[in-house]
>>> print(open('final02.cif').read())   # mmCIF, C-alpha atoms
data_input
loop_
_atom_site.label_atom_id
_atom_site.label_comp_id
_atom_site.auth_asym_id
_atom_site.auth_seq_id
_atom_site.Cartn_x
_atom_site.Cartn_y
_atom_site.Cartn_z
CA MET N 280 -10.01 0.89 19.30
CA ASP N 281 -13.19 1.94 21.10
CA VAL N 282 -14.00 0.89 24.66
CA ILE N 283 -17.69 1.48 25.28
CA THR N 284 -19.13 1.05 28.77
CA LYS N 285 -22.92 1.02 29.09
CA TYR N 286 -24.94 1.02 32.31
CA LYS N 287 -28.20 2.24 33.75
CA ASP N 288 -27.98 5.06 36.25
CA LYS N 289 -29.99 5.16 39.46
CA ASP N 290 -32.99 6.59 37.53
CA GLY N 291 -32.86 3.73 35.01
CA LYS N 292 -31.49 5.97 32.25
CA ASP N 293 -29.03 4.46 29.78
CA VAL N 294 -25.56 5.95 30.07
CA GLU N 295 -22.67 5.35 27.72
CA ASN N 296 -19.01 6.05 28.33
CA LYS N 297 -16.75 5.86 25.31
CA GLN N 298 -12.98 6.00 25.27
CA ASP N 299 -10.78 5.38 22.30
CA ARG N 300 -7.18 4.79 21.35
CA GLN N 301 -5.55 5.36 17.96
CA TYR N 302 -2.57 3.37 16.83
CA HIS N 303 -0.63 4.80 13.92
CA ALA N 304 2.51 6.56 12.85
CA GLN N 305 2.18 10.31 12.96
CA ALA N 306 4.16 12.63 10.72
CA THR N 307 4.62 16.35 10.18
CA ASN N 308 6.25 18.29 7.36
CA CYS N 309 9.12 19.14 9.74
CA ARG N 310 8.35 22.83 9.27
CA ASP N 311 5.60 23.14 11.85
CA THR N 312 4.06 21.01 14.59
CA LYS N 313 0.85 20.07 12.77
CA MET N 314 0.33 16.42 11.94
CA LYS N 315 -0.19 15.80 8.24
CA TYR N 316 -2.06 13.23 6.20
CA GLY N 317 -0.99 12.47 2.63
CA ALA N 318 2.45 11.53 1.31
CA GLN N 319 2.79 14.86 -0.44
CA TRP N 320 2.56 16.69 2.90
CA LYS N 321 4.40 14.35 5.24
CA VAL N 322 8.16 14.32 5.62
CA ALA N 323 8.95 12.31 8.74
CA ASN N 324 7.30 10.56 11.64
CA ILE N 325 7.44 12.34 14.96
CA ARG N 326 5.47 9.77 16.96
CA ASP N 327 4.50 6.18 16.37
CA THR N 328 1.75 4.45 18.33
CA SER N 329 1.16 1.76 15.70
CA LEU N 330 1.12 -1.97 16.40
CA GLN N 331 4.68 -3.22 16.24
CA PRO N 332 5.86 -6.70 15.26
CA GLY N 333 6.57 -8.89 18.24
CA GLN N 334 5.24 -6.35 20.74
CA ALA N 335 1.92 -6.46 22.54
CA LYS N 336 -0.01 -3.22 22.75
CA LYS N 337 -1.51 -3.08 26.24
CA GLU N 338 -3.97 -0.59 27.65
CA THR N 339 -5.69 -0.17 30.99
CA ILE N 340 -8.88 1.81 30.77
CA GLU N 341 -10.75 2.79 33.92
CA VAL N 342 -14.37 3.84 34.14
CA ASP N 343 -15.74 5.30 37.37
CA LEU N 344 -19.40 4.47 37.82
CA PRO N 345 -21.89 6.63 39.69
CA GLU N 346 -22.72 5.63 43.24
CA GLY N 347 -25.24 2.84 43.35
CA VAL N 348 -24.44 1.41 39.92
CA ARG N 349 -23.38 -2.19 40.38
CA SER N 350 -22.97 -3.50 36.84
CA ALA N 351 -22.11 -2.48 33.32
CA GLU N 352 -21.58 -3.90 29.89
CA VAL N 353 -18.20 -3.28 28.31
CA THR N 354 -17.63 -3.62 24.56
CA VAL N 355 -14.22 -3.30 22.97
CA ASN N 356 -14.26 -2.71 19.22
CA LEU N 357 -11.04 -3.01 17.33
CA TYR N 358 -11.11 -1.83 13.76
CA TYR N 359 -8.88 -0.52 11.00
CA GLU N 360 -9.54 2.94 9.69
CA LEU N 361 -8.37 3.46 6.15
CA THR N 362 -7.60 7.02 5.06
CA ASN N 363 -10.44 8.48 7.14
CA PRO N 364 -12.72 7.50 10.04
CA ASP N 365 -15.60 6.69 7.68
CA GLN N 366 -13.72 3.80 6.08
CA LYS N 367 -13.76 1.18 8.79
CA TYR N 368 -12.77 -2.48 8.68
CA PRO N 369 -14.00 -4.17 11.86
CA ILE N 370 -11.44 -6.63 13.24
CA HIS N 371 -12.69 -7.79 16.63
CA SER N 372 -15.57 -6.95 18.96
CA VAL N 373 -15.56 -8.32 22.50
CA THR N 374 -18.38 -7.74 25.00
CA ARG N 375 -18.15 -8.47 28.74
CA LYS N 376 -20.72 -8.04 31.48
CA VAL N 377 -19.02 -6.67 34.55
CA SER N 378 -20.55 -6.80 38.03
CA LEU N 379 -19.41 -5.25 41.24
CA ASP N 380 -21.28 -7.89 43.22
CA ARG N 381 -19.93 -11.29 44.17
CA MET P 96 13.97 -15.03 -61.76
CA ARG P 97 16.81 -16.60 -59.76
CA LEU P 98 18.47 -13.20 -59.70
CA MET P 99 15.28 -11.64 -58.33
CA LYS P 100 15.07 -14.31 -55.63
CA LEU P 101 18.66 -13.63 -54.68
CA ALA P 102 17.96 -9.91 -54.58
CA VAL P 103 14.97 -10.46 -52.28
CA VAL P 104 17.06 -12.67 -50.00
CA LEU P 105 19.88 -10.14 -49.95
CA VAL P 106 17.49 -7.29 -49.19
CA ALA P 107 15.98 -9.35 -46.41
CA VAL P 108 19.37 -10.26 -44.95
CA VAL P 109 20.53 -6.66 -45.03
CA ALA P 110 17.25 -5.12 -43.96
CA LEU P 111 16.37 -7.40 -41.07
CA PRO P 112 19.08 -6.26 -38.66
CA PHE P 113 18.19 -2.64 -39.42
CA ALA P 114 14.54 -3.38 -38.83
CA ALA P 115 15.45 -4.96 -35.52
CA MET P 116 17.58 -1.94 -34.63
CA ALA P 117 14.75 0.36 -35.63
CA MET P 118 12.41 -1.59 -33.38
CA GLN P 119 14.89 -1.35 -30.53
CA HIS P 120 15.21 2.36 -31.10
CA GLU P 121 11.45 2.65 -31.10
CA GLY P 122 11.41 0.83 -27.80
CA ALA P 123 13.73 3.48 -26.38
CA LYS P 124 11.36 6.25 -27.40
CA LYS P 125 9.29 7.76 -24.63
CA ALA P 126 5.53 7.73 -24.53
CA LYS P 127 3.84 11.03 -25.31
CA THR P 128 0.37 10.06 -24.17
CA ILE P 129 -1.27 7.94 -21.50
CA ASP P 130 -2.40 5.50 -24.16
CA GLU P 131 1.13 5.15 -25.50
CA LEU P 132 2.54 4.55 -22.04
CA ALA P 133 -0.22 2.05 -21.23
CA LYS P 134 0.47 0.21 -24.49
CA MET P 135 4.22 0.18 -23.88
CA TYR P 136 3.68 -1.65 -20.58
CA ASP P 137 0.57 -3.57 -21.56
CA SER P 138 0.63 -7.05 -20.05
CA SER P 139 -2.63 -8.36 -21.43
CA SER P 140 -0.75 -10.93 -23.53
CA CYS P 141 0.32 -12.60 -20.25
CA LYS P 142 -3.32 -13.47 -19.61
CA GLY P 143 -3.38 -16.21 -22.23
CA CYS P 144 -1.07 -18.55 -20.35
CA HIS P 145 -1.17 -17.08 -16.84
CA SER P 146 -4.91 -16.50 -16.53
CA GLU P 147 -5.14 -17.28 -12.81
CA ILE P 148 -2.26 -14.97 -11.88
CA TYR P 149 -3.57 -12.30 -14.24
CA ALA P 150 -7.03 -12.47 -12.64
CA GLN P 151 -5.47 -12.09 -9.20
CA TRP P 152 -3.41 -9.11 -10.37
CA GLU P 153 -6.45 -7.45 -11.97
CA LYS P 154 -8.09 -7.26 -8.54
CA SER P 155 -4.94 -6.02 -6.84
CA HIS P 156 -3.90 -2.50 -5.94
CA HIS P 157 -1.01 -2.92 -8.39
CA ALA P 158 -3.63 -2.85 -11.15
CA ARG P 159 -4.92 0.53 -9.94
CA PRO P 160 -1.94 2.30 -8.37
CA LEU P 161 -3.24 5.81 -9.06
CA MET P 162 -6.79 5.10 -7.94
CA GLY P 163 -6.38 4.94 -4.19
CA VAL P 164 -9.07 2.86 -2.54
CA LYS P 165 -12.74 2.50 -3.30
CA GLY P 166 -12.65 4.55 -6.49
CA GLY P 167 -10.50 7.41 -5.22
CA LEU P 168 -8.03 9.36 -7.35
CA MET P 169 -5.18 9.74 -4.92
CA LEU P 170 -3.02 12.04 -7.03
CA THR P 171 -5.67 14.73 -7.35
CA PRO P 172 -4.12 17.13 -4.77
CA LEU P 173 -1.00 17.35 -6.95
CA ALA P 174 -3.10 18.16 -10.01
CA LEU P 175 -4.96 21.01 -8.35
CA LYS P 176 -4.15 24.55 -9.40
CA LYS P 177 -1.34 25.97 -7.32
CA GLY P 178 -2.62 28.07 -4.44
CA THR P 179 -6.13 26.63 -4.45
CA PRO P 180 -7.39 24.76 -1.36
CA GLY P 181 -5.89 21.29 -1.18
CA SER P 182 -3.14 21.98 -3.72
CA THR P 183 0.42 20.98 -2.94
CA ALA P 184 4.00 22.11 -3.45
CA PHE P 185 3.96 19.96 -6.59
CA SER P 186 0.96 21.73 -8.11
CA GLU P 187 1.31 24.27 -10.91
CA ASP P 188 -0.86 27.26 -11.84
CA ASP P 189 -1.56 25.69 -15.23
CA PRO P 190 -1.99 21.95 -15.97
CA LYS P 191 0.11 22.44 -19.11
CA LYS P 192 3.13 23.18 -16.91
CA MET P 193 2.99 19.81 -15.16
CA LYS P 194 6.01 17.57 -15.71
CA ILE P 195 6.92 14.04 -14.69
CA GLY P 196 8.92 15.58 -11.83
CA ASN P 197 5.76 17.16 -10.43
CA TYR P 198 4.61 13.66 -9.49
CA PRO P 199 7.14 12.22 -7.01
CA CYS P 200 4.58 9.48 -6.39
CA PHE P 201 5.59 8.00 -9.77
CA LYS P 202 8.68 6.63 -8.04
CA CYS P 203 6.50 3.75 -6.86
CA HIS P 204 2.98 4.29 -8.13
CA LEU P 205 4.05 4.43 -11.78
CA PRO P 206 7.80 3.83 -12.09
CA GLN P 207 7.56 3.41 -15.86
CA ALA P 208 6.55 7.06 -16.16
CA ILE P 209 10.01 8.09 -14.97
CA THR P 210 11.87 5.90 -17.45
CA SER P 211 9.48 5.90 -20.37
CA ALA P 212 7.18 8.92 -20.44
CA GLU P 213 7.46 12.46 -21.75
CA ASP P 214 6.19 15.37 -19.67
CA SER P 215 3.12 15.46 -21.91
CA VAL P 216 1.91 12.36 -20.04
CA ALA P 217 1.99 14.37 -16.80
CA VAL P 218 -0.05 17.11 -18.48
CA GLU P 219 -2.61 14.60 -19.75
CA LEU P 220 -2.79 12.91 -16.36
CA THR P 221 -3.30 16.27 -14.63
CA GLU P 222 -6.16 17.11 -16.95
CA ALA P 223 -7.67 13.66 -16.44
CA LEU P 224 -7.45 13.98 -12.65
CA LEU P 225 -9.09 17.41 -12.73
CA ALA P 226 -11.84 16.00 -14.97
CA LYS P 227 -12.24 13.02 -12.59
CA ASP P 228 -11.67 10.80 -15.62
CA SER P 229 -11.18 7.53 -13.73
CA ALA P 230 -11.23 5.47 -16.93
CA LYS P 231 -8.22 7.31 -18.31
CA VAL P 232 -6.28 7.40 -15.04
CA GLY P 233 -7.07 3.71 -14.57
CA LYS P 234 -5.14 2.84 -17.73
CA LEU P 235 -1.92 3.52 -15.84
CA GLN P 236 -1.03 0.36 -13.99
CA ILE P 237 1.84 -1.45 -12.35
CA THR P 238 1.74 -4.25 -14.87
CA CYS P 239 3.55 -7.57 -15.04
CA ILE P 240 6.34 -5.87 -17.02
CA VAL P 241 7.01 -3.31 -14.30
CA CYS P 242 7.83 -5.91 -11.65
CA HIS P 243 9.11 -8.69 -13.89
CA ASN P 244 11.41 -6.43 -15.91
CA GLU P 245 11.82 -2.84 -14.79
CA LYS P 246 12.13 -3.52 -11.03
CA ALA P 247 13.68 -6.99 -11.23
CA ILE P 248 17.34 -6.00 -10.90
CA ILE P 249 18.83 -3.89 -8.12
CA HIS P 250 22.49 -4.84 -8.66
CA LYS P 251 22.77 -3.07 -12.01
CA ARG P 252 26.51 -2.39 -11.76
CA GLU P 253 27.14 -6.12 -11.52
CA LEU P 254 24.21 -7.59 -13.40
CA GLY P 255 23.39 -4.81 -15.83
CA ALA P 256 20.04 -3.18 -16.44
CA PRO P 257 16.97 -5.29 -17.15
CA GLU P 258 17.20 -6.45 -20.76
CA LYS P 259 14.60 -5.68 -23.39
CA GLY P 260 12.56 -8.69 -24.33
CA VAL P 261 13.43 -10.50 -21.12
CA LEU P 262 11.22 -11.12 -18.13
CA TYR P 263 12.62 -11.96 -14.73
CA GLY P 264 11.04 -14.51 -12.45
CA THR P 265 11.81 -17.21 -9.91
CA LYS P 266 13.48 -19.47 -12.48
CA ASP P 267 15.07 -19.49 -15.92
CA VAL P 268 12.78 -20.21 -18.86
CA PRO P 269 15.03 -20.13 -21.95
CA SER P 270 12.14 -20.37 -24.36
CA HIS P 271 9.15 -18.31 -23.21
CA MET P 272 6.07 -18.46 -25.42
CA ASP P 273 5.58 -14.75 -26.02
CA GLY P 274 6.08 -12.58 -29.06
CA THR P 275 7.95 -9.85 -27.19
CA PHE P 276 9.38 -11.45 -24.09
CA LYS P 277 10.98 -14.56 -25.47
CA THR P 278 13.12 -15.40 -22.44
CA VAL P 279 12.65 -15.50 -18.69
CA LYS P 280 15.72 -15.16 -16.50
CA LYS P 281 15.96 -15.89 -12.82
CA SER P 282 15.87 -12.71 -10.77
CA ALA P 283 18.29 -12.60 -7.86
CA ILE P 284 15.81 -10.72 -5.67
CA ILE P 285 12.25 -11.45 -6.74
CA LYS P 286 11.66 -13.76 -3.77
CA ASP P 287 13.32 -11.39 -1.31
CA PRO P 288 11.73 -8.66 0.82
CA VAL P 289 14.06 -6.11 -0.74
CA PHE P 290 12.22 -6.58 -4.03
CA CYS P 291 9.00 -5.29 -2.42
CA GLY P 292 11.01 -2.79 -0.40
CA GLN P 293 11.88 -0.88 -3.56
CA CYS P 294 8.46 0.68 -3.27
CA HIS P 295 6.97 -0.28 0.08
CA GLY P 296 9.37 2.14 1.56
CA LEU P 297 11.98 2.96 4.13
CA GLY P 298 10.61 6.29 5.27
CA PRO P 299 11.11 9.84 4.02
CA ASN P 300 12.04 10.12 0.34
CA LEU P 301 14.78 12.70 0.66
CA GLU P 302 16.04 12.46 -2.89
CA PHE P 303 13.34 14.82 -4.17
CA ASP P 304 13.68 18.62 -4.16
CA GLN P 305 10.62 18.58 -1.87
CA ALA P 306 10.80 15.61 0.50
CA VAL P 307 7.75 13.35 0.77
CA GLN P 308 6.87 10.34 2.88
CA CYS P 309 4.60 7.54 1.82
CA ALA P 310 5.02 3.93 2.92
CA ASN P 311 7.38 2.99 5.78
CA LEU P 312 6.65 -0.70 5.52
CA TYR P 313 10.04 -2.03 4.51
CA GLY P 314 11.75 0.20 7.06
CA SER P 315 9.52 -1.29 9.73
CA TYR P 316 10.29 -4.80 8.47
CA LEU P 317 14.04 -4.15 8.61
CA HIS P 318 14.20 -2.26 11.87
CA ALA P 319 11.36 -3.70 13.94
CA TYR P 320 10.63 -7.20 12.64
CA ILE P 321 14.12 -8.49 11.75
CA PRO P 322 15.50 -7.47 15.19
CA THR P 323 12.86 -9.69 16.84
CA GLY P 324 14.37 -12.66 15.00
CA GLY P 325 11.74 -12.58 12.27
CA THR P 326 12.52 -14.76 9.26
CA GLN P 327 9.41 -14.54 7.10
CA THR P 328 9.52 -12.63 3.82
CA CYS P 329 6.85 -10.30 2.44
CA GLN P 330 6.17 -12.97 -0.17
CA ASP P 331 5.75 -15.71 2.49
CA CYS P 332 2.69 -13.96 3.93
CA HIS P 333 1.31 -11.82 1.11
CA MET P 334 1.93 -14.12 -1.86
CA LYS P 335 1.10 -17.52 -0.40
CA PRO P 336 0.85 -20.00 -3.26
CA ILE P 337 -2.55 -20.90 -4.66
CA ASN P 338 -2.47 -24.04 -6.78
CA GLY P 339 1.30 -23.96 -6.48
CA LYS P 340 1.70 -20.40 -7.79
CA ALA P 341 2.32 -17.19 -5.87
CA ASP P 342 -0.89 -15.26 -5.23
CA HIS P 343 -0.59 -12.05 -7.23
CA LEU P 344 -3.53 -10.40 -5.47
CA ILE P 345 -0.94 -9.56 -2.82
CA ALA P 346 -3.60 -8.93 -0.20
CA PRO P 347 -4.99 -6.87 1.27
CA ASN P 348 -7.29 -5.70 -1.45
CA TRP P 349 -8.90 -2.86 0.47
CA ASN P 350 -11.78 -2.74 -1.98
CA ASP P 351 -12.81 -6.19 -0.77
CA GLN P 352 -14.24 -5.35 2.64
CA LYS P 353 -15.01 -8.93 3.75
CA ALA P 354 -11.70 -10.48 2.75
CA THR P 355 -9.77 -7.61 4.30
CA GLU P 356 -11.64 -7.95 7.58
CA GLU P 357 -10.83 -11.68 7.60
CA LEU P 358 -7.17 -11.05 6.87
CA LEU P 359 -6.90 -8.44 9.61
CA SER P 360 -8.70 -10.60 12.17
CA LYS P 361 -6.30 -13.46 11.45
CA ALA P 362 -3.22 -11.26 11.80
CA ILE P 363 -4.35 -9.24 14.81
CA SER P 364 -5.53 -10.67 18.15
CA LEU P 365 -7.41 -8.88 20.88
CA ASP P 366 -7.59 -10.04 24.47
CA VAL P 367 -9.93 -8.28 26.90
CA GLN P 368 -9.96 -8.72 30.68
CA THR P 369 -12.31 -6.82 32.99
CA LEU P 370 -12.58 -6.15 36.69
CA GLY P 371 -15.38 -4.58 38.72
CA TYR P 372 -14.64 -3.37 42.26
CA GLU P 373 -14.99 -0.47 44.61
CA TRP P 374 -11.94 1.71 44.87
CA LEU P 375 -11.25 3.33 48.17
CA LYS P 376 -10.09 6.74 47.13
CA LYS P 377 -10.15 8.05 50.68
CA ALA P 378 -11.62 6.82 53.91
CA GLY P 379 -15.36 6.34 53.58
CA ALA P 380 -15.46 7.24 49.87
CA LEU P 381 -15.74 4.06 47.85
CA VAL P 382 -15.86 4.63 44.10
CA PRO P 383 -17.52 1.93 41.90
CA LYS P 384 -14.99 1.27 39.18
CA ILE P 385 -14.54 -0.87 36.13
CA VAL P 386 -11.10 -1.68 34.79
CA VAL P 387 -10.69 -2.88 31.22
CA ASN P 388 -7.35 -4.35 30.26
CA THR P 389 -6.77 -4.82 26.54
CA LYS P 390 -3.91 -6.55 24.83
CA ILE P 391 -3.41 -6.45 21.07
CA THR P 392 -0.85 -8.64 19.36
CA THR P 393 -0.02 -9.08 15.71
CA THR P 394 1.67 -11.71 13.61
CA ALA P 395 2.62 -9.17 10.94
CA GLY P 396 6.25 -8.59 10.09
CA HIS P 397 5.77 -4.83 10.02
CA ARG P 398 3.93 -2.08 11.81
CA ILE P 399 0.19 -1.86 11.42
CA PRO P 400 -0.95 0.38 9.86
CA ASP P 401 1.53 1.00 7.09
CA GLY P 402 1.67 0.48 3.36
#
>>> encode(input="final02.cif", output="structure tokens")
Amino acid sequence: MDVITKYKDKDGKDVENKQDRQYHAQATNCRDTKMKYGAQWKVANIRDTSLQPGQAKKETIEVDLPEGVRSAEVTVNLYYELTNPDQKYPIHSVTRKVSLDR
Amino acid sequence: MRLMKLAVVLVAVVALPFAAMAMQHEGAKKAKTIDELAKMYDSSSCKGCHSEIYAQWEKSHHARPLMGVKGGLMLTPLALKKGTPGSTAFSEDDPKKMKIGNYPCFKCHLPQAITSAEDSVAVELTEALLAKDSAKVGKLQITCIVCHNEKAIIHKRELGAPEKGVLYGTKDVPSHMDGTFKTVKKSAIIKDPVFCGQCHGLGPNLEFDQAVQCANLYGSYLHAYIPTGGTQTCQDCHMKPINGKADHLIAPNWNDQKATEELLSKAISLDVQTLGYEWLKKAGALVPKIVVNTKITTTAGHRIPDG
């Protein structure tokens, strides 16, 4: 999941802040501490951040804006990466305009 | 003339059982080549009467279990020469040394290789993988026979091994219109998650001399979904009937980008809430801040991702 925040700085220049989260089981070969990809290398999971049945995955992501910036556009892209980051399956994309003014 | 007729009848009566035994014995022989193994488990005759199901299966990952996704050849690292970059503990220094046991992946990706193939098939596969011969590797499939015979019984001590010439399905069909598989018997498990769980795994495969881990899906189903009170089966979601018959595409088909995106967007929800305000970090130092709260939920009966 990518959370991309775009805004214009005080000079009118486009600025982009990108934060991401990865949700998946992570395994090693149980002989060292390096994560492995590929069944032939993996032996057991050591951490699991994947989406679990019946459980919501919640995140709070904060972006500090420079002084004087009063608005930004936030886009959250949720996608499935298969085998490597180049093989993406977009799932949802949500864009919100956020203002600091009432 | 009558005597000749009698002789012919007698020869036929005596010879037929032996011929049948010979055929049975032949059936017990192991395949020496990829072509022989593919022929042994060839399900193309099913197409005649089950064309819709066959067409679904042809697009499924079961029809290309050694191909990975989008044209990949997922077993290649095992075929690489031992010690070369990317090679594995299962690799050998010479393709000719490769044996069925060098491919633990066969447990699920080609179970018939374990029961019905000589080591020469592993050698031929290794050479095909190194030559990037997708056409040859693609001949090895999880066919109708694999699921509807080989994997159809898990209570073998009580029910016996799957019988030759018998398919197993959701109901008994005493007279099945096929030259080889003349009967269909009801499988005790084919509608149960445990049937899929035979391959879509519990976690580490510790039975091998070098442990491997592929799919954890069934483990997740048992230990994360069932405890939530989940009652759906794998088949309920992944084999929803089309025209009254279970969908044998068994989605997702990762090669179908659009359909996979649709499936994922139905199963996974994303809620986004935002807040803009000025945070007072310390007196007189307001910080413009945006807070993005995301919430992802899933209707799947297993972790995502898994396989």
>>> resolve_selection(input="final02.cif", expression="the PyMOL selection byres ((chain P) within 7 of (chain N))", output="NGL selection string")
:P and (299 or 306-309 or 319-320 or 323 or 352 or 356 or 359-360 or 365 or 369-372 or 382-400)
>>> residues_around(input="final02.cif", residues="Leu317 in chain P", least_positions_apart="6", cutoff="12 Å", atoms="only C-alpha atoms", output="short mmCIF file (atom, residue, chain, number, x, y, z; two decimals) with C-alpha atoms, keeping the file's coordinate frame")
data_model
loop_
_atom_site.label_atom_id
_atom_site.label_comp_id
_atom_site.auth_asym_id
_atom_site.auth_seq_id
_atom_site.Cartn_x
_atom_site.Cartn_y
_atom_site.Cartn_z
CA PRO N 332 5.86 -6.70 15.26
CA PRO P 288 11.73 -8.66 0.82
CA VAL P 289 14.06 -6.11 -0.74
CA GLY P 292 11.01 -2.79 -0.40
CA HIS P 295 6.97 -0.28 0.08
CA GLY P 296 9.37 2.14 1.56
CA LEU P 297 11.98 2.96 4.13
CA GLY P 298 10.61 6.29 5.27
CA ASN P 311 7.38 2.99 5.78
CA THR P 323 12.86 -9.69 16.84
CA GLY P 324 14.37 -12.66 15.00
CA GLY P 325 11.74 -12.58 12.27
CA THR P 326 12.52 -14.76 9.26
CA GLN P 327 9.41 -14.54 7.10
CA THR P 328 9.52 -12.63 3.82
CA CYS P 329 6.85 -10.30 2.44
CA GLY P 396 6.25 -8.59 10.09
CA HIS P 397 5.77 -4.83 10.02
CA ARG P 398 3.93 -2.08 11.81
#
>>> closest_residue(input="final02.cif", among="P:Lys177, P:Lys154, P:Lys361, P:Lys266", to="Val279 in chain P", atoms="all atoms listed in the file")
P:Lys266
>>> closest_residue(input="final02.cif", among="N:Met314, N:Ile283, N:Cys309, N:Ile325", to="Asn296 in chain N", atoms="only C-alpha atoms")
N:Ile283
>>> atom_distance(input="final02.cif", atom1="CA of Thr128 in chain P", atom2="CA of Ala212 in chain P")
7.8 Å
>>> residues_around(input="final02.cif", residues="Leu220 in chain P", least_positions_apart="5", cutoff="10 Å", atoms="only C-alpha atoms", output="mmCIF file with C-alpha atoms, keeping the file's coordinate frame")
data_model
loop_
_atom_site.group_PDB
_atom_site.id
_atom_site.type_symbol
_atom_site.label_atom_id
_atom_site.label_comp_id
_atom_site.auth_asym_id
_atom_site.auth_seq_id
_atom_site.Cartn_x
_atom_site.Cartn_y
_atom_site.Cartn_z
ATOM 1 C CA THR P 128 0.370 10.060 -24.170
ATOM 2 C CA ILE P 129 -1.270 7.940 -21.500
ATOM 3 C CA LEU P 170 -3.020 12.040 -7.030
ATOM 4 C CA THR P 171 -5.670 14.730 -7.350
ATOM 5 C CA ALA P 174 -3.100 18.160 -10.010
ATOM 6 C CA PRO P 190 -1.990 21.950 -15.970
ATOM 7 C CA MET P 193 2.990 19.810 -15.160
ATOM 8 C CA LYS P 194 6.010 17.570 -15.710
ATOM 9 C CA ILE P 195 6.920 14.040 -14.690
ATOM 10 C CA ASP P 214 6.190 15.370 -19.670
ATOM 11 C CA SER P 215 3.120 15.460 -21.910
ATOM 12 C CA LEU P 225 -9.090 17.410 -12.730
ATOM 13 C CA ALA P 226 -11.840 16.000 -14.970
ATOM 14 C CA ASP P 228 -11.670 10.800 -15.620
ATOM 15 C CA LYS P 231 -8.220 7.310 -18.310
ATOM 16 C CA VAL P 232 -6.280 7.400 -15.040
ATOM 17 C CA LEU P 235 -1.920 3.520 -15.840
#
>>> atom_distance(input="final02.cif", atom1="CA of Lys289 in chain N", atom2="CA of Gly379 in chain P")
20.4 Å
